[in-house]
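Asks: Below: one structure in structure tokens.
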Amino acid sequence: MKRILSRLLCILICIISLGCARSSEKQSEARHVPRIAIAGLAIESSTFSPAFTHEEAFHAKTGEAILKLYPFLSSDSIDRMRAEWIPILRGVSLPGGIVTREAYESLVEKTLTLLKKNGPYDGLFFDIHGAMSVEGLDDPEGDLIVRIREVVGKETLISTSMDLHGNVSIRLAENTDLITCYRMAPHEDAMQSKKRAVDNLLERLESGKGKPAFKAWIPVPILLPGEKTSTRVEPGKSLYEQVGPAAAQEGIIDAAIWIGYAWADEPRNHAVVMVTGDDKEKVVHTAETLANSFWKVRSQFDFIAPTATLKESLDMATASNKHPFFISDMGDNPTAGGAGDVTWTLKEILARDEFKSEKGPSLIYASLPGPEFVTKAIEAGVGGKVDGYAGAAIDARFAPPIRLSGIVESIVQGDEHAETEVVVKVGSVHVIVTKKRKPYHLEKDFTQLGLDPRKTDIVVVKIGYLVPELYDMRADWIMALTPGGVDQDLDRLEFKRIIRPMFPFDNDMRDPDLTAKLVPPSDY
């Protein structure tokens with residue numbers, strides 16, 4: 001009996017030991033799932049606009065709300081299961097004026113505090129735009145990543161995702177490990193690019209390969225607006241078609257071309273090529289090939305659509321039988337950093353005789369901020385008459401606040417950006433006035449206000465190249481060269497701090513040295 005009990009005890013001990021071993025193994029496996037933080041601030045900031053961007057404009061999110069920004073990190077996604085995700089702080093602002101130092105420091109301190117609280121980290125997904133300007137500070141993204149490094153340490157693998165209209169300073173290049181940007185303008189591949197940045201990060205952590213052996217950085221002395229460098233047309237189309245195959249080579253992790261941001265006067269504002277990987281020869285050769293390809297086609301870039309003065313644009317639109325005829329009011333484009341409240345274009349429209357009668361050509365003007373006018377419109381109610389001033393509260397350099405006298409057609413409240421939107425009909429013009437500025441780039445932006453852009457003769461939008469939905473809707477389109485903080489005529493802007501010589505400012509410049517610069521690793 002004792003012998004049987006002894007054997008049973010031995011068996012029980014073995015079972016317990018095996019269970020403990022398996023439990024320990026599972027715990028070990030769990031410990032090896034990488035811990036990855038997510039952080040970043042994104043905005044395009046024009047230094048040629050008198051506007052300032054404050055903290056509330058970033059709508060900063062923390063915690064689980066950040067994960068909802070990325071469909072590829074949904075709760076049942078593969079990437080979600082591959083790591084323990086620690087969402088820190090992610091702020092995204094509409095493009096606008098320079099960010100106040102107070103706003104920047106507040107958002108940075110909140111980010112650093114949360115990083116300190118939730119560490120340590122194996123990796124960090126640094127999700128930024130790359131064109132932020134801050135009062136009294138050059139290269140904010142470079143400053144931010146350096147301060148993040150001081151918290152997370154140099155061993156943490158950082159993967160950076162950017163807009164191709166961002167700027168890559170040498171400081172940003174040094175302190176990131178993996179870096180990529182969009183390959184399409186308009187940015188139809190934005191989420192795809194962010195996923196690529198995350199997948200690159202996960203693969204390097206899971207494989208144990210860690211930081212890339214080589215990072216090649218090449219500044220290219222070109223500064224062009226996005227409206228001239230769209231990947232829809234040549235030469236941008238063919239140039240960016242080289243990026244995917246270049247990044248797919250054995251020994252290469254990623255390759256990217258940044259156009260840069262044209263409306264900030266800072267030394268880092270210019271085009272850049274970067275390639276990362278473990279094969280030195282391929283990394284260097286690929287970067288130099290892409291940079292030289294870019295330089296060779298520099299003179300071929302032109303506006304994606306015909307351009308004209310506003311008068312010429314309106315003359316064409318009113319004479320056309322193609323509807324809707326879109327006109328891009330480019331100089332004050334809030335999607336590129338304009339203040340959004342320049343009244344010059346609307347003043348010129350309302351001064352034309354054909355729009356003074358309600359029987360004239362139907363025209364939608366989107367849009368103009370005017371909080372006091374909105375209050376008056378609400379008091380008048382739908383169908384009531386309203387008379388007041390709107391616009392030019394921030395940027396009155398080209399025209400003063402404009403007087404609008406007409407019938408209130410609709411009032412809609414609750415928009416994330418505009419807060420309150422009203423439509424007032426002045427003659428045959430439907431003017432959208434908002435409490436806060438808002439770009440209009442979706443059909444529903446108009447239809448929810450009772451407007452039908454497809455059945456309107458002329459649609460004027462404060463935008464540069466048309467985003468896909470408007471582009472598909474247009475029957476005809478022209479881009480008007482209007483004034484504002486993101487003036488497309490760069491020669492009218494006073495650049496003082498960009499590195500010269502720079503194309504197209506210095507057309508007779510010699511060919512630059514496009515030799516790849518190998519950037520030290522972030523833990524150097």
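Chain identifiers are assigned as A, B, and so on, following the order in which chains appear in the structure tokens; residues are numbered from 1 within each chain, and ligands are numbered from 1 in order of appearance.
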When DSSP is applied to the backbone of this structure, which of region 131-376 of chain A are assigned alpha helix (DSSP H)? Write them out as a count of residues only.
Replies: 89
Asks: Taking 4 positions as the minimum chain separation for residues in the same chain, which residues sit within 7 Å of region 379-384 of chain A when counting only C-alpha atoms? Answer as a list in words.
Replies: Thr375, Ile407, Val408, Glu409, Ser410 and Ile411 of chain A
Asks: Excluding region 165-171 of chain A and its own-chain neighbours fewer than 3 positions away, which residues fall within 6 Å of it when counting only C-alpha atoms? Please give them as JSON, numbers by chain.
Replies: {"A": [129, 130, 131, 142, 174, 259, 260, 261, 268, 269]}
Asks: Just the number, please: distance in Å from CA of Pro306 (chain A) to CA of Lys462 (chain A), one decimal.
Replies: 16.2 Å
Asks: Could you tell me how far CA of Leu490 (chain A) lies from CA of Glu188 (chain A), in Å and to one decimal?
Replies: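 One can read the CA of Leu490 (chain A) to CA of Glu188 (chain A) distance as 26.2 Å.
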Asks: So the first atom is CA of His323 (chain A) and the second is CA of Lys455 (chain A); what is the distance between them in Å, to one decimal place?
Replies: 7.2 Å
Asks: For Trp477 (chain A), work out the shell of residues within 9 Å, counting only C-alpha atoms and skipping chain neighbours fewer than 4 positions away, then give it as a list of chain:residue names.
Replies: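 So the residues in contact are A:Ala305, A:Pro306, A:Ala317, A:Pro324, A:Phe325, A:Phe326, A:Ile327, A:Ser328, A:Leu466, A:Tyr471.
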Asks: Residues as selected, all heavy atoms, written as an mmCIF file, in the first residue's frame, can you do that?
Replies:
data_model
loop_
_atom_site.group_PDB
_atom_site.id
_atom_site.type_symbol
_atom_site.label_atom_id
_atom_site.label_comp_id
_atom_site.auth_asym_id
_atom_site.auth_seq_id
_atom_site.Cartn_x
_atom_site.Cartn_y
_atom_site.Cartn_z
ATOM 1 N N ALA A 305 -3.181 70.882 -61.999
ATOM 2 C CA ALA A 305 -4.313 71.345 -62.803
ATOM 3 C C ALA A 305 -3.961 72.710 -63.384
ATOM 4 O O ALA A 305 -3.010 73.348 -62.936
ATOM 5 C CB ALA A 305 -5.572 71.441 -61.934
ATOM 6 N N PRO A 306 -4.721 73.178 -64.368
ATOM 7 C CA PRO A 306 -4.464 74.515 -64.901
ATOM 8 C C PRO A 306 -4.593 75.559 -63.795
ATOM 9 O O PRO A 306 -5.388 75.408 -62.863
ATOM 10 C CB PRO A 306 -5.561 74.686 -65.960
ATOM 11 C CG PRO A 306 -5.957 73.301 -66.332
ATOM 12 C CD PRO A 306 -5.806 72.487 -65.077
ATOM 13 N N ALA A 317 -15.335 79.760 -65.431
ATOM 14 C CA ALA A 317 -16.379 78.989 -64.752
ATOM 15 C C ALA A 317 -17.772 79.455 -65.165
ATOM 16 O O ALA A 317 -18.664 78.624 -65.396
ATOM 17 C CB ALA A 317 -16.210 79.108 -63.245
ATOM 18 N N PRO A 324 -20.441 70.313 -61.845
ATOM 19 C CA PRO A 324 -19.905 71.495 -61.160
ATOM 20 C C PRO A 324 -18.496 71.852 -61.637
ATOM 21 O O PRO A 324 -17.687 70.969 -61.894
ATOM 22 C CB PRO A 324 -19.876 71.062 -59.691
ATOM 23 C CG PRO A 324 -19.682 69.576 -59.756
ATOM 24 C CD PRO A 324 -20.439 69.118 -60.981
ATOM 25 N N PHE A 325 -18.260 73.132 -61.741
ATOM 26 C CA PHE A 325 -16.946 73.655 -62.094
ATOM 27 C C PHE A 325 -16.272 74.059 -60.780
ATOM 28 O O PHE A 325 -16.727 74.969 -60.103
ATOM 29 C CB PHE A 325 -17.093 74.869 -63.019
ATOM 30 C CG PHE A 325 -15.807 75.308 -63.675
ATOM 31 C CD1 PHE A 325 -15.660 75.206 -65.052
ATOM 32 C CD2 PHE A 325 -14.753 75.828 -62.932
ATOM 33 C CE1 PHE A 325 -14.485 75.600 -65.682
ATOM 34 C CE2 PHE A 325 -13.581 76.225 -63.541
ATOM 35 C CZ PHE A 325 -13.443 76.113 -64.923
ATOM 36 N N PHE A 326 -15.200 73.355 -60.435
ATOM 37 C CA PHE A 326 -14.518 73.628 -59.170
ATOM 38 C C PHE A 326 -13.415 74.666 -59.358
ATOM 39 O O PHE A 326 -12.668 74.624 -60.344
ATOM 40 C CB PHE A 326 -13.898 72.347 -58.589
ATOM 41 C CG PHE A 326 -14.840 71.544 -57.741
ATOM 42 C CD1 PHE A 326 -15.748 70.680 -58.326
ATOM 43 C CD2 PHE A 326 -14.832 71.666 -56.349
ATOM 44 C CE1 PHE A 326 -16.629 69.938 -57.543
ATOM 45 C CE2 PHE A 326 -15.699 70.933 -55.563
ATOM 46 C CZ PHE A 326 -16.610 70.053 -56.166
ATOM 47 N N ILE A 327 -13.324 75.571 -58.395
ATOM 48 C CA ILE A 327 -12.234 76.535 -58.338
ATOM 49 C C ILE A 327 -11.548 76.364 -56.985
ATOM 50 O O ILE A 327 -12.189 76.449 -55.937
ATOM 51 C CB ILE A 327 -12.729 77.991 -58.475
ATOM 52 C CG1 ILE A 327 -13.389 78.208 -59.845
ATOM 53 C CG2 ILE A 327 -11.568 78.974 -58.292
ATOM 54 C CD1 ILE A 327 -13.983 79.611 -60.022
ATOM 55 N N SER A 328 -10.244 76.122 -57.025
ATOM 56 C CA SER A 328 -9.468 76.017 -55.784
ATOM 57 C C SER A 328 -8.964 77.405 -55.394
ATOM 58 O O SER A 328 -8.199 78.019 -56.144
ATOM 59 C CB SER A 328 -8.279 75.069 -55.970
ATOM 60 O OG SER A 328 -8.704 73.743 -56.136
ATOM 61 N N LEU A 466 -7.442 68.962 -55.481
ATOM 62 C CA LEU A 466 -8.675 68.384 -54.970
ATOM 63 C C LEU A 466 -8.416 66.996 -54.403
ATOM 64 O O LEU A 466 -7.742 66.174 -55.015
ATOM 65 C CB LEU A 466 -9.722 68.282 -56.083
ATOM 66 C CG LEU A 466 -10.230 69.597 -56.684
ATOM 67 C CD1 LEU A 466 -11.269 69.309 -57.747
ATOM 68 C CD2 LEU A 466 -10.812 70.516 -55.613
ATOM 69 N N TYR A 471 -12.321 65.475 -56.436
ATOM 70 C CA TYR A 471 -11.711 65.272 -57.750
ATOM 71 C C TYR A 471 -12.625 64.418 -58.637
ATOM 72 O O TYR A 471 -12.808 64.707 -59.827
ATOM 73 C CB TYR A 471 -10.346 64.595 -57.581
ATOM 74 C CG TYR A 471 -9.577 64.378 -58.859
ATOM 75 C CD1 TYR A 471 -8.878 65.424 -59.457
ATOM 76 C CD2 TYR A 471 -9.543 63.123 -59.460
ATOM 77 C CE1 TYR A 471 -8.161 65.222 -60.631
ATOM 78 C CE2 TYR A 471 -8.830 62.909 -60.628
ATOM 79 C CZ TYR A 471 -8.139 63.955 -61.211
ATOM 80 O OH TYR A 471 -7.434 63.748 -62.365
#
Asks: Kindly provide the residues of region 175-203 of chain A that approach region 208-213 of chain A to within 9 Å, each paired with its closest atom pair and their distance in Å to one decimal, based on only C-alpha atoms, listed by chain and increasing number, as a Markdown table.
Replies:
| residue | atom | partner | partner_atom | distance |
| --- | --- | --- | --- | --- |
| A:Asp177 | CA | A:Lys211 | CA | 5.9 |
| A:Leu178 | CA | A:Pro212 | CA | 7.4 |
| A:Leu201 | CA | A:Gly210 | CA | 8.5 |
| A:Glu203 | CA | A:Gly208 | CA | 8.3 |
Asks: Store the residues of this selection in a file with N, CA and C atoms, as a CSV table (one decimal), in the first residue's frame.
Replies:
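Just written: again00.csv:
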chain,number,residue,atom,x,y,z
A,177,ASP,N,15.0,55.1,-35.7
A,177,ASP,CA,15.7,53.9,-36.2
A,177,ASP,C,15.1,53.4,-37.5
A,178,LEU,N,13.8,53.4,-37.6
A,178,LEU,CA,13.1,53.0,-38.8
A,178,LEU,C,12.2,54.2,-39.2
A,201,LEU,N,8.6,47.8,-37.5
A,201,LEU,CA,9.0,47.8,-36.1
A,201,LEU,C,8.8,46.4,-35.4
A,203,GLU,N,8.6,43.4,-36.9
A,203,GLU,CA,9.5,42.4,-37.5
A,203,GLU,C,10.9,42.5,-37.0
Asks: Any idea what's packed within 6 Å of Cys181 (chain A), counting only C-alpha atoms, ignoring anything in its chain fewer than 3 positions away? Could you give it as a PyMOL selection string?
Replies: chain A and resi 161-164
Asks: Would you please work out which residue, of A:Val486, A:Leu493, A:Leu314, A:Val460, is nearest to Gly337 (chain A) when using only C-alpha atoms?
Replies: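 Among the listed residues, the smallest separation from Gly337 (chain A) belongs to A:Val486.
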Asks: Taking into account only C-alpha atoms, which residue in the set A:Ile38, A:Asp138, A:Asp143, A:Thr176 is nearest to Leu114 (chain A)?
Replies: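 That would be A:Ile38, the residue with the smallest distance to Leu114 (chain A).
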Asks: For Lys110 (chain A), list every protein, DNA or RNA residue within 12 Å, evaluated using only C-alpha atoms, and leave out those in the same chain fewer than 6 positions away; present the list as an MDAnalysis selection string.
Replies: chainID A and resid 39:41 55 60:62 88:91 103:104 116:117 144 148
Asks: Export N, CA and C atoms of the chosen residues as a short mmCIF file (atom, residue, chain, number, x, y, z; two decimals), in the first residue's frame?
Replies:
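Saved result, selection02.cif, follows:
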data_model
loop_
_atom_site.label_atom_id
_atom_site.label_comp_id
_atom_site.auth_asym_id
_atom_site.auth_seq_id
_atom_site.Cartn_x
_atom_site.Cartn_y
_atom_site.Cartn_z
N ALA A 39 3.13 57.42 -29.71
CA ALA A 39 3.11 58.85 -29.38
C ALA A 39 3.38 59.67 -30.63
N GLY A 40 2.95 60.93 -30.60
CA GLY A 40 3.26 61.81 -31.72
C GLY A 40 2.34 63.02 -31.79
N LEU A 41 2.84 64.08 -32.42
CA LEU A 41 2.08 65.31 -32.66
C LEU A 41 2.15 65.61 -34.15
N GLU A 55 -3.11 74.69 -27.98
CA GLU A 55 -3.15 73.28 -27.59
C GLU A 55 -4.45 72.59 -27.94
N ALA A 60 -5.84 66.30 -28.44
CA ALA A 60 -4.94 65.23 -27.99
C ALA A 60 -5.72 64.08 -27.35
N LYS A 61 -5.37 62.88 -27.75
CA LYS A 61 -5.99 61.68 -27.22
C LYS A 61 -4.95 60.88 -26.44
N THR A 62 -5.42 60.18 -25.41
CA THR A 62 -4.56 59.31 -24.63
C THR A 62 -5.27 57.96 -24.46
N ILE A 88 0.23 56.37 -25.59
CA ILE A 88 0.67 57.45 -24.70
C ILE A 88 -0.11 58.73 -24.96
N LEU A 89 0.24 59.45 -26.02
CA LEU A 89 -0.48 60.67 -26.39
C LEU A 89 -0.30 60.90 -27.88
N ARG A 90 -1.41 61.17 -28.54
CA ARG A 90 -1.38 61.45 -29.98
C ARG A 90 -2.25 62.66 -30.24
N GLY A 91 -1.66 63.72 -30.80
CA GLY A 91 -2.39 64.95 -31.08
C GLY A 91 -2.29 65.28 -32.56
N ALA A 103 1.76 75.86 -25.96
CA ALA A 103 1.02 74.68 -26.38
C ALA A 103 1.97 73.50 -26.60
N TYR A 104 3.07 73.75 -27.28
CA TYR A 104 4.03 72.69 -27.56
C TYR A 104 4.59 72.11 -26.28
N LYS A 116 7.18 58.18 -18.88
CA LYS A 116 7.90 57.82 -17.65
C LYS A 116 7.05 56.88 -16.79
N LYS A 117 5.77 57.14 -16.76
CA LYS A 117 4.86 56.37 -15.90
C LYS A 117 4.67 54.94 -16.39
N LEU A 144 11.44 66.95 -30.19
CA LEU A 144 10.53 66.02 -29.49
C LEU A 144 11.14 64.63 -29.39
N ILE A 148 12.10 62.51 -26.08
CA ILE A 148 11.54 61.17 -25.86
C ILE A 148 12.66 60.17 -25.60
#
Asks: At a cut-off of 7 Å, using only C-alpha atoms, what residues contact Ala480 (chain A)? Leave out same-chain residues fewer than 3 positions from it and give the result as number ranges by chain.
Replies: A: 307-310, 313, 327-330
Asks: I'd like to know which of A:Pro219, A:Gly153, A:Gly236, A:Gly340 is closest to Ala287 (chain A), using only C-alpha atoms.
Replies: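 Smallest distance to Ala287 (chain A) is found for A:Pro219.
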Asks: My list of candidates is A:Ala37, A:Ala216, A:Ala264, A:Ile98. Which is closest to Val134 (chain A) when distances are computed with only C-alpha atoms?
Replies: A:Ile98
Asks: Identify which of the residues A:Lys385, A:Lys154, A:His54, A:Lys68 lies closest to Leu107 (chain A), counting only C-alpha atoms when measuring atom-to-atom distances.
Replies: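 That would be A:His54, the residue with the smallest distance to Leu107 (chain A).
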